[in-house]
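What follows is the content of run_9.txt (compact mmCIF, C-alpha atoms and all ligand atoms).
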```txt
# COMPACT_ATOMS: atom_id res chain seq x y z
CA MET A 6 0.00 0.00 0.00
CA LYS A 7 1.23 3.49 -0.90
CA TYR A 8 -1.34 5.98 0.26
CA LEU A 9 -3.07 6.52 3.58
CA ASP A 10 -6.62 6.20 2.20
CA GLU A 11 -5.76 2.66 1.13
CA PHE A 12 -5.76 1.84 4.84
CA SER A 13 -9.51 2.55 4.82
CA ASN A 14 -10.27 0.19 1.92
CA PRO A 15 -13.72 -1.32 2.68
CA ASP A 16 -13.08 -4.60 0.81
CA LEU A 17 -9.92 -5.26 2.81
CA ALA A 18 -11.72 -4.23 6.00
CA ALA A 19 -14.47 -6.76 5.24
CA LYS A 20 -11.85 -9.50 4.75
CA LEU A 21 -10.18 -8.69 8.06
CA LEU A 22 -13.56 -8.67 9.80
CA ASP A 23 -14.35 -12.10 8.28
CA GLN A 24 -11.04 -13.41 9.62
CA ILE A 25 -11.75 -11.96 13.09
CA ARG A 26 -15.22 -13.55 13.10
CA ALA A 27 -13.76 -16.88 11.98
CA VAL A 28 -11.30 -17.10 14.88
CA THR A 29 -13.53 -15.70 17.66
CA THR A 30 -15.14 -18.37 19.83
CA ARG A 31 -15.78 -16.55 23.14
CA ARG A 32 -15.91 -13.16 24.83
CA TRP A 33 -12.76 -11.01 24.91
CA ALA A 34 -12.10 -7.52 26.28
CA ILE A 35 -9.33 -5.65 24.44
CA MET A 36 -8.05 -2.21 25.44
CA GLU A 37 -6.80 0.23 22.83
CA VAL A 38 -4.34 2.34 24.78
CA CYS A 39 -4.26 5.43 22.61
CA GLY A 40 -6.92 8.13 22.31
CA GLY A 41 -6.17 8.41 18.59
CA GLN A 42 -7.11 4.76 18.23
CA THR A 43 -10.28 5.34 20.29
CA HIS A 44 -11.25 8.19 18.00
CA SER A 45 -10.67 6.06 14.91
CA ILE A 46 -12.60 3.08 16.34
CA ILE A 47 -15.65 5.18 17.22
CA ARG A 48 -15.49 7.38 14.12
CA HIS A 49 -15.40 4.41 11.76
CA GLY A 50 -17.80 2.30 13.81
CA ILE A 51 -15.21 -0.48 14.12
CA ASP A 52 -16.53 -1.58 17.52
CA GLN A 53 -19.99 -2.02 15.98
CA LEU A 54 -18.63 -4.15 13.12
CA LEU A 55 -16.76 -6.56 15.38
CA PRO A 56 -18.34 -9.80 16.57
CA ASN A 57 -20.50 -9.25 19.67
CA GLU A 58 -18.03 -11.28 21.70
CA ILE A 59 -15.31 -8.64 21.32
CA GLU A 60 -15.50 -5.56 23.52
CA MET A 61 -13.17 -2.64 22.95
CA ILE A 62 -12.25 -0.87 26.19
CA HIS A 63 -11.03 2.69 25.72
CA GLY A 64 -7.78 3.29 27.56
CA PRO A 65 -6.06 6.30 29.11
CA GLY A 66 -3.96 7.28 26.10
CA CYS A 67 -5.29 10.78 25.48
CA PRO A 68 -2.66 13.27 26.67
CA VAL A 69 -5.10 16.08 27.33
CA CYS A 70 -7.42 13.78 29.28
CA VAL A 71 -4.83 12.47 31.73
CA THR A 72 -3.26 15.84 32.54
CA PRO A 73 -4.27 16.42 36.17
CA LEU A 74 -6.55 19.26 37.14
CA GLU A 75 -3.87 20.73 39.37
CA VAL A 76 -1.46 20.97 36.42
CA ILE A 77 -4.16 22.92 34.51
CA ASP A 78 -4.51 25.18 37.56
CA LYS A 79 -0.74 25.70 37.62
CA ALA A 80 -0.87 26.66 33.93
CA LEU A 81 -3.70 29.12 34.66
CA ALA A 82 -1.77 30.68 37.54
CA ILE A 83 1.37 31.12 35.45
CA ALA A 84 -0.52 32.38 32.37
CA ALA A 85 -2.23 35.08 34.45
CA ARG A 86 1.08 36.58 35.59
CA PRO A 87 2.01 39.99 34.15
CA GLY A 88 4.90 39.78 31.73
CA VAL A 89 4.33 36.12 30.88
CA ILE A 90 3.60 34.85 27.37
CA PHE A 91 2.00 31.42 27.87
CA CYS A 92 2.24 29.16 24.83
CA SER A 93 0.31 25.93 24.30
CA PHE A 94 -1.11 23.64 21.69
CA GLY A 95 -4.69 24.73 20.98
CA ASP A 96 -6.44 21.73 22.55
CA MET A 97 -5.30 22.73 26.04
CA LEU A 98 -6.99 26.15 25.94
CA ARG A 99 -10.50 24.80 26.59
CA VAL A 100 -9.54 22.24 29.21
CA PRO A 101 -11.33 23.37 32.37
CA GLY A 102 -9.31 23.99 35.50
CA SER A 103 -11.06 24.18 38.83
CA SER A 104 -12.56 27.62 38.04
CA LYS A 105 -11.70 28.66 34.48
CA ASP A 106 -9.68 27.71 31.40
CA LEU A 107 -6.86 29.32 29.44
CA PHE A 108 -9.35 31.06 27.13
CA HIS A 109 -10.75 32.83 30.19
CA VAL A 110 -7.26 33.90 31.22
CA LYS A 111 -6.76 35.25 27.70
CA SER A 112 -10.07 37.10 27.81
CA GLU A 113 -9.01 38.65 31.11
CA GLY A 114 -5.87 40.06 29.48
CA GLY A 115 -3.42 37.20 29.83
CA ASP A 116 -1.03 36.75 26.91
CA VAL A 117 -1.95 33.17 25.96
CA ARG A 118 -0.84 32.04 22.50
CA VAL A 119 -1.50 28.92 20.45
CA VAL A 120 1.63 27.53 18.82
CA TYR A 121 2.16 24.53 16.57
CA SER A 122 5.53 23.51 17.96
CA PRO A 123 7.47 24.15 21.18
CA LEU A 124 10.19 25.61 18.97
CA ASP A 125 7.69 28.37 18.00
CA ALA A 126 7.54 29.24 21.70
CA LEU A 127 11.34 29.35 21.85
CA ASN A 128 11.37 31.74 18.88
CA ILE A 129 8.84 33.95 20.69
CA ALA A 130 11.19 33.98 23.70
CA ARG A 131 14.14 34.94 21.51
CA ASP A 132 12.09 37.77 19.91
CA ASN A 133 10.80 39.07 23.28
CA PRO A 134 13.83 39.17 25.58
CA ASP A 135 12.01 41.44 28.07
CA ARG A 136 9.17 38.89 28.55
CA GLN A 137 9.03 35.43 30.12
CA VAL A 138 7.80 32.70 27.75
CA VAL A 139 6.38 29.42 29.07
CA PHE A 140 5.44 26.39 26.98
CA PHE A 141 2.89 23.89 28.28
CA GLY A 142 4.65 20.56 27.70
CA ILE A 143 2.18 17.73 28.18
CA GLY A 144 1.67 14.35 26.61
CA PHE A 145 3.12 10.91 26.16
CA GLU A 146 6.42 9.68 24.77
CA THR A 147 5.29 11.06 21.40
CA THR A 148 5.33 14.77 22.21
CA ALA A 149 8.22 14.62 24.68
CA PRO A 150 11.13 14.54 22.18
CA ALA A 151 10.19 17.92 20.65
CA ASN A 152 9.86 19.45 24.12
CA ALA A 153 13.20 17.96 25.16
CA MET A 154 14.81 19.32 22.03
CA THR A 155 13.41 22.79 22.74
CA VAL A 156 14.82 22.91 26.27
CA TYR A 157 18.13 21.58 24.96
CA GLN A 158 18.17 24.37 22.35
CA ALA A 159 17.22 27.03 24.91
CA LYS A 160 20.21 26.03 27.04
CA ARG A 161 22.54 25.76 24.05
CA LEU A 162 21.51 29.20 22.75
CA GLY A 163 21.48 30.79 26.19
CA ILE A 164 17.80 31.80 25.97
CA GLU A 165 17.01 32.25 29.65
CA ASN A 166 13.52 33.78 29.40
CA PHE A 167 12.05 30.43 28.31
CA SER A 168 10.71 27.68 30.56
CA LEU A 169 8.62 24.52 30.28
CA LEU A 170 5.65 23.48 32.39
CA VAL A 171 6.12 19.72 32.22
CA SER A 172 3.50 17.03 32.65
CA HIS A 173 4.76 14.12 30.57
CA VAL A 174 3.48 10.61 31.17
CA LEU A 175 4.65 7.16 30.09
CA VAL A 176 2.54 4.32 28.69
CA PRO A 177 4.15 1.12 30.11
CA PRO A 178 3.67 2.07 33.82
CA ALA A 179 0.03 2.92 33.05
CA ILE A 180 -0.48 -0.53 31.50
CA ALA A 181 0.97 -2.07 34.66
CA ALA A 182 -1.33 0.07 36.85
CA ILE A 183 -4.39 -0.96 34.81
CA MET A 184 -3.48 -4.64 35.13
CA GLU A 185 -2.86 -4.30 38.89
CA SER A 186 -6.31 -2.76 39.47
CA PRO A 187 -8.67 -5.21 41.24
CA SER A 188 -11.48 -4.22 38.85
CA CYS A 189 -9.40 -4.77 35.70
CA ARG A 190 -11.27 -6.57 32.89
CA VAL A 191 -8.62 -6.09 30.19
CA GLN A 192 -7.38 -9.28 28.54
CA ALA A 193 -5.21 -7.81 25.78
CA PHE A 194 -3.80 -4.51 24.55
CA LEU A 195 -3.47 -2.70 21.28
CA ALA A 196 -0.24 -0.81 22.04
CA ALA A 197 0.08 2.73 20.69
CA GLY A 198 2.05 2.71 17.45
CA HIS A 199 3.31 6.28 17.63
CA VAL A 200 4.65 5.80 21.18
CA CYS A 201 6.52 2.71 20.03
CA SER A 202 7.88 4.58 17.00
CA VAL A 203 9.79 6.75 19.50
CA MET A 204 10.51 4.33 22.35
CA GLY A 205 10.69 1.01 20.51
CA THR A 206 9.09 -2.16 21.79
CA GLU A 207 11.52 -3.55 24.37
CA GLU A 208 9.44 -2.51 27.40
CA TYR A 209 6.41 -4.54 26.31
CA PRO A 210 7.42 -8.25 26.28
CA PRO A 211 8.05 -8.25 30.07
CA LEU A 212 4.59 -6.70 30.62
CA ALA A 213 2.95 -9.24 28.30
CA ALA A 214 4.68 -12.07 30.17
CA LYS A 215 4.03 -10.72 33.68
CA TYR A 216 0.31 -10.10 33.15
CA LYS A 217 -0.23 -12.87 30.59
CA VAL A 218 -1.81 -10.51 28.06
CA PRO A 219 -1.17 -10.31 24.31
CA MET A 220 0.09 -6.92 23.15
CA VAL A 221 -0.01 -5.89 19.52
CA VAL A 222 1.60 -2.64 18.39
CA THR A 223 -1.09 -1.06 16.25
CA GLY A 224 -1.49 1.97 13.99
CA PHE A 225 -4.40 4.34 13.62
CA GLU A 226 -6.13 3.78 10.29
CA PRO A 227 -9.13 1.42 10.14
CA LEU A 228 -7.16 -1.43 8.54
CA ASP A 229 -4.34 -0.96 11.06
CA ILE A 230 -6.78 -1.31 13.92
CA LEU A 231 -8.58 -4.30 12.43
CA GLU A 232 -5.25 -6.03 11.82
CA GLY A 233 -4.20 -5.30 15.43
CA ILE A 234 -7.48 -6.78 16.70
CA ARG A 235 -7.18 -9.79 14.39
CA ARG A 236 -3.70 -10.63 15.68
CA THR A 237 -4.78 -10.03 19.27
CA VAL A 238 -7.77 -12.37 19.01
CA ILE A 239 -5.65 -15.09 17.38
CA GLN A 240 -3.28 -14.92 20.37
CA LEU A 241 -6.14 -14.85 22.89
CA GLU A 242 -7.81 -17.87 21.33
CA ALA A 243 -4.49 -19.74 21.29
CA GLY A 244 -3.70 -18.86 24.92
CA LYS A 245 -0.58 -16.90 23.89
CA PHE A 246 0.65 -13.62 25.38
CA GLU A 247 3.36 -12.20 23.19
CA LEU A 248 4.31 -8.85 21.74
CA GLU A 249 3.66 -8.46 18.02
CA ASN A 250 4.34 -5.48 15.81
CA ALA A 251 1.43 -4.89 13.42
CA TYR A 252 2.70 -1.41 12.53
CA PRO A 253 6.12 -2.12 10.98
CA ARG A 254 5.86 0.74 8.51
CA ALA A 255 6.42 3.11 11.46
CA VAL A 256 7.81 1.08 14.36
CA GLN A 257 11.28 -0.42 14.71
CA ALA A 258 12.19 -2.52 17.75
CA ALA A 259 14.76 0.07 18.85
CA GLY A 260 12.43 3.03 18.27
CA ASN A 261 14.11 6.31 17.39
CA PRO A 262 17.60 6.23 18.99
CA ALA A 263 18.24 9.96 18.49
CA ALA A 264 14.95 10.91 20.16
CA ARG A 265 15.57 8.49 23.02
CA ALA A 266 19.06 9.94 23.60
CA MET A 267 17.59 13.45 23.74
CA LEU A 268 14.93 12.30 26.22
CA ARG A 269 17.56 10.66 28.45
CA ASP A 270 19.60 13.87 28.45
CA VAL A 271 16.78 16.28 29.28
CA PHE A 272 14.32 14.29 31.42
CA ASP A 273 14.42 12.05 34.49
CA VAL A 274 11.71 9.48 35.25
CA THR A 275 9.47 10.51 38.14
CA ASP A 276 6.20 9.61 39.86
CA ARG A 277 3.24 11.28 38.12
CA ALA A 278 -0.43 11.75 38.93
CA TRP A 279 -2.83 10.81 36.10
CA ARG A 280 -6.15 12.61 35.96
CA GLY A 281 -8.90 10.36 37.21
CA ILE A 282 -6.48 7.52 37.96
CA GLY A 283 -4.18 8.98 40.60
CA MET A 284 -0.50 8.61 41.29
CA ILE A 285 1.38 5.98 39.29
CA PRO A 286 4.97 5.40 40.40
CA GLN A 287 7.69 6.16 37.87
CA SER A 288 5.09 6.98 35.20
CA GLY A 289 6.30 10.34 33.93
CA TRP A 290 9.17 12.64 33.16
CA LYS A 291 10.45 15.79 34.83
CA LEU A 292 13.31 18.00 33.74
CA SER A 293 16.63 16.57 34.88
CA GLU A 294 18.84 18.50 37.26
CA ARG A 295 20.92 19.84 34.36
CA TYR A 296 17.84 21.61 32.98
CA GLN A 297 16.06 22.65 36.18
CA ASP A 298 16.59 26.34 35.41
CA TYR A 299 14.02 25.82 32.65
CA ASP A 300 11.39 24.28 34.93
CA ALA A 301 8.35 26.62 35.03
CA GLU A 302 7.02 24.99 38.22
CA LEU A 303 10.19 26.02 40.06
CA ARG A 304 10.50 29.39 38.35
CA TYR A 305 6.95 30.39 39.34
CA SER A 306 6.79 28.49 42.68
CA VAL A 307 3.61 26.58 41.79
CA SER A 308 4.88 23.12 42.79
CA ASP A 309 2.78 23.10 45.96
CA MET A 310 -0.58 23.84 44.29
CA HIS A 311 -3.07 20.99 44.80
CA THR A 312 -6.63 20.71 43.46
CA ASP A 313 -9.39 18.16 43.98
CA GLU A 314 -11.10 16.63 40.93
CA SER A 315 -14.80 17.26 40.12
CA SER A 316 -17.14 15.00 42.08
CA ILE A 317 -19.57 14.73 39.11
CA CYS A 318 -17.14 13.76 36.37
CA ARG A 319 -16.46 10.03 36.04
CA SER A 320 -13.62 10.41 33.52
CA GLY A 321 -11.35 8.38 35.78
CA GLU A 322 -13.62 5.38 35.35
CA VAL A 323 -13.85 6.08 31.61
CA LEU A 324 -10.05 6.25 31.38
CA GLN A 325 -9.70 2.91 33.15
CA GLY A 326 -12.33 1.28 30.94
CA LEU A 327 -14.70 0.71 33.88
CA ILE A 328 -17.63 2.56 32.24
CA LYS A 329 -18.47 3.74 28.75
CA PRO A 330 -18.89 7.54 28.38
CA HIS A 331 -22.68 7.46 28.01
CA GLU A 332 -22.96 5.64 31.34
CA CYS A 333 -21.90 8.89 33.05
CA ALA A 334 -25.08 10.71 34.15
CA ALA A 335 -23.69 14.05 32.95
CA PHE A 336 -22.96 12.82 29.39
CA GLY A 337 -24.72 15.06 26.87
CA LYS A 338 -26.52 16.92 29.66
CA GLU A 339 -24.35 19.00 31.97
CA CYS A 340 -21.31 17.85 29.98
CA THR A 341 -20.89 18.51 26.24
CA PRO A 342 -17.89 19.50 24.10
CA ARG A 343 -19.11 23.12 24.38
CA ASN A 344 -19.33 22.94 28.17
CA PRO A 345 -17.01 20.10 29.18
CA LEU A 346 -16.89 19.01 32.81
CA GLY A 347 -13.95 16.72 32.27
CA ALA A 348 -10.96 16.49 29.97
CA THR A 349 -12.30 13.39 28.17
CA MET A 350 -15.03 15.64 26.71
CA VAL A 351 -12.61 18.40 25.69
CA SER A 352 -10.02 16.67 23.63
CA SER A 353 -10.88 15.30 20.21
CA GLU A 354 -9.04 12.15 21.33
CA GLY A 355 -11.11 11.85 24.51
CA ALA A 356 -13.53 8.94 24.71
CA CYS A 357 -16.44 11.13 25.88
CA ALA A 358 -15.97 13.56 22.97
CA ALA A 359 -15.68 10.66 20.50
CA TYR A 360 -18.97 9.16 21.75
CA TYR A 361 -20.62 12.59 21.68
CA LEU A 362 -19.45 13.29 18.11
CA TYR A 363 -20.01 9.89 16.52
CA ARG A 364 -22.25 7.78 18.70
CA ARG A 365 -24.64 10.14 20.51
CA LEU A 366 -27.54 9.67 18.12
CA ASP A 367 -27.23 5.87 18.41
CA LEU A 368 -27.72 6.04 22.18
CA PRO A 369 -31.05 5.90 24.02
CA ALA A 370 -33.19 8.99 23.28
CA GLU A 371 -32.91 10.41 26.81
CA VAL A 372 -29.14 10.51 26.36
CA ALA A 373 -28.95 11.43 22.68
CA HIS A 374 -31.36 14.35 22.89
CA ALA A 375 -30.52 15.59 26.35
S1 LIG B 1 -19.34 12.76 30.12
FE1 LIG B 1 -18.30 14.58 30.97
S2 LIG B 1 -18.65 14.47 33.17
FE2 LIG B 1 -19.04 12.42 32.33
S3 LIG B 1 -17.09 11.31 32.45
FE3 LIG B 1 -17.17 12.25 30.43
S4 LIG B 1 -16.10 14.21 30.72
FE4 LIG B 1 -16.65 13.51 32.77
```

Kindly return the structure encoded in the file as structure tokens.
Amino acid sequence: MKYLDEFSNPDLAAKLLDQIRAVTTRRWAIMEVCGGQTHSIIRHGIDQLLPNEIEMIHGPGCPVCVTPLEVIDKALAIAARPGVIFCSFGDMLRVPGSSKDLFHVKSEGGDVRVVYSPLDALNIARDNPDRQVVFFGIGFETTAPANAMTVYQAKRLGIENFSLLVSHVLVPPAIAAIMESPSCRVQAFLAAGHVCSVMGTEEYPPLAAKYKVPMVVTGFEPLDILEGIRRTVIQLEAGKFELENAYPRAVQAAGNPAARAMLRDVFDVTDRAWRGIGMIPQSGWKLSERYQDYDAELRYSVSDMHTDESSICRSGEVLQGLIKPHECAAFGKECTPRNPLGATMVSSEGACAAYYLYRRLDLPAEVAHA
């Protein structure tokens, strides 16, 4: 295949679905880790095409969704400071903190800017030497290399009016935390292809062996996802629990060595809180001691801010696959993409937003038309 739309070919999708139906003999619960995969599954109705025995559980792999409320509040506090230019990717501007979002800070006079790369923020810092520029660095192993590179460049170029508010999280510790949960129903994983394209696959075989779950590295197009599910079900039915790479056009076993070297230089592994899930040991990155001068939390003394999560929002249960979005009482009522109560309704990769956009009208009338 040469072009991306070939990975949506309906004839090939039908063949893969036939093969999945042919090998499925009992009920299986498979978690797709990544929010991009969730979006693709719901958008293309893949979960509705699968045999009834196969349930897709939507995992915690949406970076916006797992960023804790208190990190959003720290961003709001920093962005409201006079003299600060606060830069972020656009999807973080509508994520509600405990009382407002970054759009509100902007409307109140804060200098909040949407950028398309952390290096754009560094350029803004270089062009505004009398201002402080902060970039909101969130996300998984996928977004971290560019943020690491930006801090590395800031230090190399001596740009001291730049800092990074860091909230990076790592997939393998989250998989371990999901499997350790007493309420875990997950029997297999579609691992996130883009994370593995950076980090490689070496962390996954020990997890597959420890928890006795198949793991298949999977891409994001409909045929990628169907192929990942097909390979997963074959392993489940055979009682195997191995790592397979179903996304070889993007993923090498060693990942991206240059990106990994940059990450090792700039970040240290640390404990991180995940929104709705809580603290997971050694599940994130912070700036290493060599780069602490670029740590916005230290520069603006916001490390001690703590915020409680909303008592209405059940995004933590959604992120752990314990409920589907429409089982939350606020879904489509108090909580919509226009007025989100939780991050899973804000981000386009969030499971609640995906259900609202693509599945709402299929749900019971009291939910769909609320
Ligand atoms: S529908 Fe809204 S309130 Fe309910 S879990 Fe999702 S984000 Fe939270």

Legend entry - Surrounding residues as a ChimeraX atom specification, ligand LIG 1 (chain B), max 8 Å, all atoms listed in the file: /A:317-323,330-337,339-341,345-351,356-358

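The spacing separating CA of Ala301 in chain A from CA of Phe140 in chain A amounts to 8.6 Å.
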
Legend entry - Point-to-point distance from CA of Trp290 in chain A to CA of Phe145 in chain A, Å rounded to tenths: 9.4 Å

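Around Leu127 in chain A, within 9 Å and counting only C-alpha atoms, the residues found are Asp132, Val138, Val139, Phe140, Thr155, Val156, Gln158, Ala159, Ile164, Phe167 and Ser168 of chain A, once anything fewer than 5 positions away on its own chain is removed.
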
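Considering the residues A:Glu185, A:Glu11, A:Glu60, A:Asp270 and counting all atoms listed in the file, Lys329 in chain A has its shortest atom-to-atom contact with A:Glu60.
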
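Counting all atoms listed in the file and comparing A:Leu195, A:Ile59, A:Ala80, A:Ala243, the residue that lies closest to Glu37 in chain A is A:Leu195.
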
Legend entry - Nearest to Trp33 in chain A, chosen from A:Asp135, A:Glu242, A:Glu249, A:Glu75, with all atoms listed in the file counted in the distances: A:Glu242

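Within 6 Å of the point (-14.5, 24.4, 28.8) in file coordinates, and counting only C-alpha atoms, lie the residues A:Arg99, A:Val100, A:Pro101, A:Asn344, A:Pro345.
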
Legend entry - Gap from CA of Ala255 in chain A to CA of Gly233 in chain A - Å, one decimal: 14.1 Å

Inset, instruction - Would you mind telling me which residue in A:Pro210, A:Gly41, A:Pro219, A:Gly50 lies nearest to Ala258 in chain A when using only C-alpha atoms? - result: A:Pro210

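Ranking A:Leu9, A:Val28, A:Asn166, A:Arg343 by their shortest atom-to-atom distance to Pro134 in chain A, with only C-alpha atoms included, puts A:Asn166 first.
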
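Minimum atom-to-atom distance to Ala251 in chain A, evaluated using all atoms listed in the file, belongs to A:Ala196 out of A:Ala214, A:Leu162, A:Ala196, A:Ile77.
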